[in-house]
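See below for model.tsv, which holds TSV, C-alpha atoms.
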```tsv
chain	number	residue	atom	x	y	z
A	1	MET	CA	136.58	163.80	-95.44
A	2	LYS	CA	134.08	163.32	-92.64
A	3	ILE	CA	133.75	159.92	-91.03
A	4	GLN	CA	130.17	159.50	-92.30
A	5	GLU	CA	131.29	160.20	-95.88
A	6	LEU	CA	134.20	157.79	-95.51
A	7	ILE	CA	131.90	155.02	-94.21
A	8	LYS	CA	129.42	155.66	-97.01
A	9	THR	CA	132.13	155.67	-99.70
A	10	GLN	CA	133.81	152.53	-98.37
A	11	SER	CA	130.45	150.74	-98.03
A	12	GLU	CA	129.56	151.55	-101.63
A	13	LEU	CA	132.98	150.36	-102.85
A	14	LEU	CA	132.70	147.16	-100.80
A	15	TRP	CA	129.24	146.48	-102.24
A	16	ARG	CA	130.66	146.99	-105.74
A	17	PHE	CA	133.66	144.76	-105.02
A	18	MET	CA	131.49	141.95	-103.63
A	19	GLY	CA	129.39	142.21	-106.79
A	20	PHE	CA	132.24	140.60	-108.72
A	21	PHE	CA	131.69	137.40	-106.74
A	22	GLN	CA	128.12	137.45	-105.45
A	23	SER	CA	124.62	138.23	-106.63
A	24	PRO	CA	122.80	141.06	-104.81
A	25	PHE	CA	120.70	138.46	-102.96
A	26	LEU	CA	123.80	136.64	-101.70
A	27	ARG	CA	125.51	139.93	-100.77
A	28	VAL	CA	122.56	140.83	-98.54
A	29	LEU	CA	122.54	137.34	-96.99
A	30	HIS	CA	126.30	137.52	-96.50
A	31	ALA	CA	126.03	140.93	-94.80
A	32	LEU	CA	123.28	139.64	-92.50
A	33	VAL	CA	125.32	136.57	-91.55
A	34	VAL	CA	128.35	138.76	-90.80
A	35	LEU	CA	126.24	141.10	-88.66
A	36	PHE	CA	124.56	138.23	-86.82
A	37	VAL	CA	127.88	136.47	-86.17
A	38	ILE	CA	129.37	139.68	-84.73
A	39	LEU	CA	126.31	140.14	-82.50
A	40	GLN	CA	126.45	136.47	-81.48
A	41	LEU	CA	130.10	136.74	-80.48
A	42	CYS	CA	129.45	139.89	-78.48
A	43	SER	CA	126.35	138.57	-76.71
A	44	SER	CA	127.97	135.21	-75.89
A	45	THR	CA	130.35	136.88	-73.45
A	46	LEU	CA	127.40	138.29	-71.48
A	47	MET	CA	125.34	135.09	-71.23
A	48	ARG	CA	124.32	133.64	-67.88
A	49	VAL	CA	122.52	130.29	-68.09
A	50	THR	CA	121.60	127.94	-65.25
A	51	PRO	CA	119.25	124.95	-65.12
A	52	ASP	CA	116.70	127.35	-63.57
A	53	GLY	CA	116.82	130.16	-66.12
A	54	ALA	CA	118.76	132.50	-68.33
A	55	SER	CA	119.70	136.18	-68.42
A	56	TRP	CA	118.11	138.44	-71.02
A	57	THR	CA	121.41	138.48	-72.93
A	58	ALA	CA	121.32	134.68	-73.04
A	59	TRP	CA	117.77	134.76	-74.40
A	60	TYR	CA	118.85	137.34	-76.97
A	61	HIS	CA	121.79	135.11	-77.96
A	62	MET	CA	119.58	132.04	-78.23
A	63	LEU	CA	116.83	133.71	-80.26
A	64	GLU	CA	119.28	135.39	-82.59
A	65	GLY	CA	121.11	132.06	-82.89
A	66	MET	CA	117.89	130.47	-84.13
A	67	SER	CA	117.66	133.21	-86.75
A	68	LEU	CA	121.28	132.51	-87.70
A	69	CYS	CA	120.36	128.82	-88.14
A	70	VAL	CA	117.73	129.88	-90.68
A	71	LEU	CA	120.12	132.27	-92.45
A	72	GLY	CA	122.83	129.61	-92.51
A	73	VAL	CA	120.49	127.10	-94.13
A	74	ILE	CA	119.40	129.68	-96.72
A	75	VAL	CA	123.01	130.62	-97.57
A	76	ALA	CA	124.06	126.96	-97.78
A	77	ALA	CA	121.04	125.94	-99.88
A	78	TYR	CA	121.50	128.90	-102.23
A	79	SER	CA	125.27	128.42	-102.59
A	80	LEU	CA	125.21	124.64	-102.93
A	81	GLY	CA	122.19	124.80	-105.23
A	82	LYS	CA	123.97	127.27	-107.48
A	83	HIS	CA	127.43	125.65	-107.52
A	84	GLY	CA	127.15	122.12	-106.12
A	85	LEU	CA	129.24	120.37	-103.49
A	86	LYS	CA	132.36	119.88	-105.62
A	87	TYR	CA	132.74	123.65	-106.08
A	88	PHE	CA	133.29	124.08	-102.32
A	89	PHE	CA	134.68	120.66	-101.40
A	90	PRO	CA	136.79	119.43	-104.37
A	91	TYR	CA	139.15	117.49	-102.11
A	92	LEU	CA	136.30	115.09	-101.25
A	93	TRP	CA	136.59	113.93	-104.88
A	94	GLY	CA	140.38	113.82	-104.72
A	95	ASP	CA	140.63	116.99	-106.83
A	96	VAL	CA	143.27	119.23	-105.28
A	97	ASP	CA	144.94	120.62	-108.42
A	98	GLN	CA	143.40	124.10	-108.25
A	99	ILE	CA	143.94	124.31	-104.49
A	100	ARG	CA	147.61	123.43	-105.02
A	101	LYS	CA	147.98	126.07	-107.77
A	102	ASP	CA	146.29	128.68	-105.56
A	103	LEU	CA	148.52	127.81	-102.59
A	104	ILE	CA	151.65	128.12	-104.73
A	105	ALA	CA	150.47	131.50	-106.06
A	106	SER	CA	149.67	132.65	-102.51
A	107	LEU	CA	153.08	131.57	-101.26
A	108	HIS	CA	154.59	133.75	-104.00
A	109	GLY	CA	152.66	136.76	-102.68
A	110	ARG	CA	149.91	136.80	-105.31
A	111	LEU	CA	146.31	137.27	-104.27
A	112	VAL	CA	144.14	134.49	-105.63
A	113	ALA	CA	140.61	135.12	-106.90
A	114	PRO	CA	137.83	132.66	-106.05
A	115	ARG	CA	137.50	129.94	-108.70
A	116	PRO	CA	135.73	126.58	-108.76
A	117	GLY	CA	137.57	124.01	-106.69
A	118	GLY	CA	140.17	126.56	-105.62
A	119	LEU	CA	141.54	127.68	-102.29
A	120	ALA	CA	139.08	130.52	-101.72
A	121	THR	CA	135.98	128.47	-102.54
A	122	SER	CA	137.26	125.56	-100.42
A	123	VAL	CA	137.70	127.96	-97.51
A	124	GLN	CA	134.15	129.24	-98.12
A	125	GLY	CA	132.92	125.65	-97.90
A	126	LEU	CA	134.68	125.21	-94.58
A	127	GLY	CA	133.03	128.43	-93.38
A	128	LEU	CA	129.59	127.15	-94.34
A	129	GLY	CA	130.33	123.98	-92.41
A	130	ALA	CA	131.59	125.85	-89.34
A	131	LEU	CA	128.56	128.16	-89.36
A	132	LEU	CA	126.07	125.32	-89.67
A	133	LEU	CA	127.78	123.09	-87.09
A	134	THR	CA	127.94	125.92	-84.58
A	135	ALA	CA	124.37	127.09	-85.16
A	136	PHE	CA	122.85	123.61	-85.00
A	137	SER	CA	124.90	122.55	-81.96
A	138	GLY	CA	123.58	125.69	-80.25
A	139	LEU	CA	120.03	124.86	-81.28
A	140	THR	CA	120.44	121.29	-80.00
A	141	TRP	CA	121.83	122.58	-76.70
A	142	PHE	CA	118.94	125.04	-76.37
A	143	LEU	CA	116.30	122.35	-76.96
A	144	LEU	CA	117.93	119.97	-74.48
A	145	TRP	CA	118.36	122.77	-71.91
A	146	ARG	CA	114.68	123.74	-72.20
A	147	ASP	CA	113.72	120.08	-71.65
A	148	GLY	CA	116.02	119.84	-68.62
A	149	SER	CA	118.05	117.04	-70.21
A	150	PRO	CA	121.34	116.07	-68.58
A	151	ALA	CA	122.84	115.93	-72.11
A	152	ALA	CA	122.43	119.72	-72.39
A	153	HIS	CA	125.76	120.45	-70.71
A	154	GLY	CA	127.69	118.31	-73.19
A	155	TRP	CA	126.04	120.05	-76.12
A	156	ARG	CA	126.78	123.44	-74.58
A	157	VAL	CA	130.48	122.56	-74.35
A	158	THR	CA	130.40	121.25	-77.94
A	159	HIS	CA	128.73	124.46	-79.10
A	160	GLU	CA	131.33	126.60	-77.33
A	161	TRP	CA	134.19	124.65	-78.95
A	162	LEU	CA	132.59	124.84	-82.39
A	163	ALA	CA	132.14	128.59	-81.93
A	164	TRP	CA	135.95	128.83	-82.00
A	165	LEU	CA	135.86	127.47	-85.55
A	166	VAL	CA	133.63	130.40	-86.51
A	167	ILE	CA	135.89	132.87	-84.72
A	168	VAL	CA	139.01	131.56	-86.48
A	169	TYR	CA	137.16	131.49	-89.79
A	170	PHE	CA	135.74	134.98	-89.25
A	171	ILE	CA	139.20	136.41	-88.59
A	172	GLY	CA	140.94	134.51	-91.41
A	173	HIS	CA	138.28	134.79	-94.09
A	174	GLY	CA	137.32	138.32	-93.11
A	175	GLY	CA	140.95	139.40	-93.02
A	176	MET	CA	141.71	137.93	-96.45
A	177	ALA	CA	138.53	139.44	-97.89
A	178	LEU	CA	139.50	142.87	-96.56
A	179	LEU	CA	143.03	142.46	-97.91
A	180	HIS	CA	141.64	141.62	-101.36
A	181	PHE	CA	139.27	144.59	-101.10
A	182	PHE	CA	142.02	147.06	-100.19
A	183	VAL	CA	144.34	145.77	-102.93
A	184	TRP	CA	141.51	146.00	-105.46
A	185	GLN	CA	140.64	149.47	-104.22
A	186	ARG	CA	144.21	150.71	-104.66
A	187	GLN	CA	144.67	149.08	-108.08
A	188	VAL	CA	141.27	149.31	-109.74
A	189	ALA	CA	138.71	151.45	-107.97
A	190	LYS	CA	140.89	154.56	-107.92
A	191	LYS	CA	141.39	154.51	-111.72
```
Can you dump the structure from the file as structure tokens?
Amino acid sequence: MKIQELIKTQSELLWRFMGFFQSPFLRVLHALVVLFVILQLCSSTLMRVTPDGASWTAWYHMLEGMSLCVLGVIVAAYSLGKHGLKYFFPYLWGDVDQIRKDLIASLHGRLVAPRPGGLATSVQGLGLGALLLTAFSGLTWFLLWRDGSPAAHGWRVTHEWLAWLVIVYFIGHGGMALLHFFVWQRQVAKK
């Protein structure tokens, strides 16, 4: 099988798999957020910013970051509007029963599907929070930097630290999603 055929086949299967959990609209938003986060992480390593100006890669990073702010708000508004806060943050209401059950199942080697108030949806809520915190701290830093504010440096450091939350989330959530996808593919899609 040629590499192009393999990519096409895997992309179609991934789209089908994500359809069990997300509407087509949310799948497109999700794919855009993933793409933008990858591009943000790559461009952040090439940024050069001083009080006097910024490199073209920094401007790219900043402008794309503003787009990611918009996408993050749309994803959060859509997801929270559809499911509500308790779906993603049950522990804020003291409800940890489903999370506990999911953790026990996971510790016994079983893959756990997303369910209201469960481990997977709680992790998704944390991802929404990490994305929004990182995007808006970057936007705040940018606005302060453009105004020449001395507070800009502190917000830049905050943004860089918060970006690590997104990196950890991206690796963990992305890795678990791919694991679920490959297990599903071996068990279901091949039949």
Atom-to-atom span, CA of Leu6 (chain A) and CA of Leu111 (chain A), Å: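 Straight-line distance from CA of Leu6 (chain A) to CA of Leu111 (chain A) works out to 25.4 Å.
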Among listed residues A:Arg186, A:Gly94, A:Asp147, A:Leu41, nearest Val168 (chain A) (using only C-alpha atoms): A:Leu41
CA of Ala120 (chain A) to CA of Asp102 (chain A), distance in Å rounded to a single decimal: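 Spanning CA of Ala120 (chain A) to CA of Asp102 (chain A) is a straight-line distance of 8.4 Å.
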Coordinates-based distance that separates CA of Ala31 (chain A) from CA of Val75 (chain A) (Å, one decimal):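 Atom-to-atom, CA of Val75 (chain A) and CA of Ala31 (chain A) are spaced 11.1 Å apart.
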Any chance you could work out the axis-aligned box around region 81-88 of chain A, listed atoms only, 3 Å on each side, giving centre and edge lengths in Å to one decimal, as lines of an AutoDock Vina configuration file?
```
center_x = 127.7
center_y = 123.6
center_z = -104.9
size_x = 17.1
size_y = 13.4
size_z = 11.2
```
Please supply region 75-100 of chain A, rebuilt with N, CA and C atoms, as an mmCIF file, in the coordinates of the input.
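The resulting file, result.cif, is shown below:
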```
data_model
loop_
_atom_site.group_PDB
_atom_site.id
_atom_site.type_symbol
_atom_site.label_atom_id
_atom_site.label_comp_id
_atom_site.auth_asym_id
_atom_site.auth_seq_id
_atom_site.Cartn_x
_atom_site.Cartn_y
_atom_site.Cartn_z
ATOM 1 N N VAL A 75 121.738 130.381 -96.876
ATOM 2 C CA VAL A 75 123.010 130.620 -97.570
ATOM 3 C C VAL A 75 123.554 129.305 -98.134
ATOM 4 N N ALA A 76 123.533 128.254 -97.322
ATOM 5 C CA ALA A 76 124.060 126.960 -97.780
ATOM 6 C C ALA A 76 123.230 126.416 -98.940
ATOM 7 N N ALA A 77 121.906 126.465 -98.808
ATOM 8 C CA ALA A 77 121.040 125.940 -99.880
ATOM 9 C C ALA A 77 121.236 126.739 -101.163
ATOM 10 N N TYR A 78 121.307 128.051 -101.051
ATOM 11 C CA TYR A 78 121.500 128.900 -102.230
ATOM 12 C C TYR A 78 122.855 128.613 -102.884
ATOM 13 N N SER A 79 123.915 128.599 -102.063
ATOM 14 C CA SER A 79 125.270 128.420 -102.590
ATOM 15 C C SER A 79 125.469 127.030 -103.178
ATOM 16 N N LEU A 80 125.046 126.011 -102.439
ATOM 17 C CA LEU A 80 125.210 124.640 -102.930
ATOM 18 C C LEU A 80 124.293 124.368 -104.111
ATOM 19 N N GLY A 81 123.096 124.964 -104.095
ATOM 20 C CA GLY A 81 122.190 124.800 -105.230
ATOM 21 C C GLY A 81 122.729 125.453 -106.492
ATOM 22 N N LYS A 82 123.430 126.560 -106.327
ATOM 23 C CA LYS A 82 123.970 127.270 -107.480
ATOM 24 C C LYS A 82 125.254 126.614 -108.014
ATOM 25 N N HIS A 83 126.113 126.129 -107.103
ATOM 26 C CA HIS A 83 127.430 125.650 -107.520
ATOM 27 C C HIS A 83 127.649 124.150 -107.323
ATOM 28 N N GLY A 84 126.942 123.539 -106.404
ATOM 29 C CA GLY A 84 127.150 122.120 -106.120
ATOM 30 C C GLY A 84 128.233 121.907 -105.077
ATOM 31 N N LEU A 85 128.289 120.707 -104.546
ATOM 32 C CA LEU A 85 129.240 120.370 -103.490
ATOM 33 C C LEU A 85 130.698 120.433 -103.948
ATOM 34 N N LYS A 86 130.980 119.960 -105.150
ATOM 35 C CA LYS A 86 132.360 119.880 -105.620
ATOM 36 C C LYS A 86 133.013 121.257 -105.742
ATOM 37 N N TYR A 87 132.229 122.284 -105.982
ATOM 38 C CA TYR A 87 132.740 123.650 -106.080
ATOM 39 C C TYR A 87 133.415 124.059 -104.772
ATOM 40 N N PHE A 88 132.796 123.698 -103.634
ATOM 41 C CA PHE A 88 133.290 124.080 -102.320
ATOM 42 C C PHE A 88 134.160 123.016 -101.647
ATOM 43 N N PHE A 89 133.980 121.760 -102.043
ATOM 44 C CA PHE A 89 134.680 120.660 -101.400
ATOM 45 C C PHE A 89 135.339 119.732 -102.436
ATOM 46 N N PRO A 90 136.215 120.254 -103.303
ATOM 47 C CA PRO A 90 136.790 119.430 -104.370
ATOM 48 C C PRO A 90 137.654 118.285 -103.843
ATOM 49 N N TYR A 91 138.253 118.498 -102.681
ATOM 50 C CA TYR A 91 139.150 117.490 -102.110
ATOM 51 C C TYR A 91 138.401 116.216 -101.733
ATOM 52 N N LEU A 92 137.086 116.290 -101.532
ATOM 53 C CA LEU A 92 136.300 115.090 -101.250
ATOM 54 C C LEU A 92 136.263 114.158 -102.468
ATOM 55 N N TRP A 93 136.530 114.703 -103.638
ATOM 56 C CA TRP A 93 136.590 113.930 -104.880
ATOM 57 C C TRP A 93 138.051 113.666 -105.291
ATOM 58 N N GLY A 94 138.971 114.016 -104.411
ATOM 59 C CA GLY A 94 140.380 113.820 -104.720
ATOM 60 C C GLY A 94 140.957 114.887 -105.641
ATOM 61 N N ASP A 95 140.209 115.928 -105.916
ATOM 62 C CA ASP A 95 140.630 116.990 -106.830
ATOM 63 C C ASP A 95 141.258 118.127 -106.026
ATOM 64 N N VAL A 96 142.572 118.177 -106.025
ATOM 65 C CA VAL A 96 143.270 119.230 -105.280
ATOM 66 C C VAL A 96 144.171 120.075 -106.180
ATOM 67 N N ASP A 97 144.062 119.894 -107.487
ATOM 68 C CA ASP A 97 144.940 120.620 -108.420
ATOM 69 C C ASP A 97 144.816 122.128 -108.291
ATOM 70 N N GLN A 98 143.581 122.643 -108.315
ATOM 71 C CA GLN A 98 143.400 124.100 -108.250
ATOM 72 C C GLN A 98 143.799 124.632 -106.879
ATOM 73 N N ILE A 99 143.518 123.882 -105.833
ATOM 74 C CA ILE A 99 143.940 124.310 -104.490
ATOM 75 C C ILE A 99 145.459 124.405 -104.446
ATOM 76 N N ARG A 100 146.154 123.413 -104.995
ATOM 77 C CA ARG A 100 147.610 123.430 -105.020
ATOM 78 C C ARG A 100 148.133 124.638 -105.791
#
```
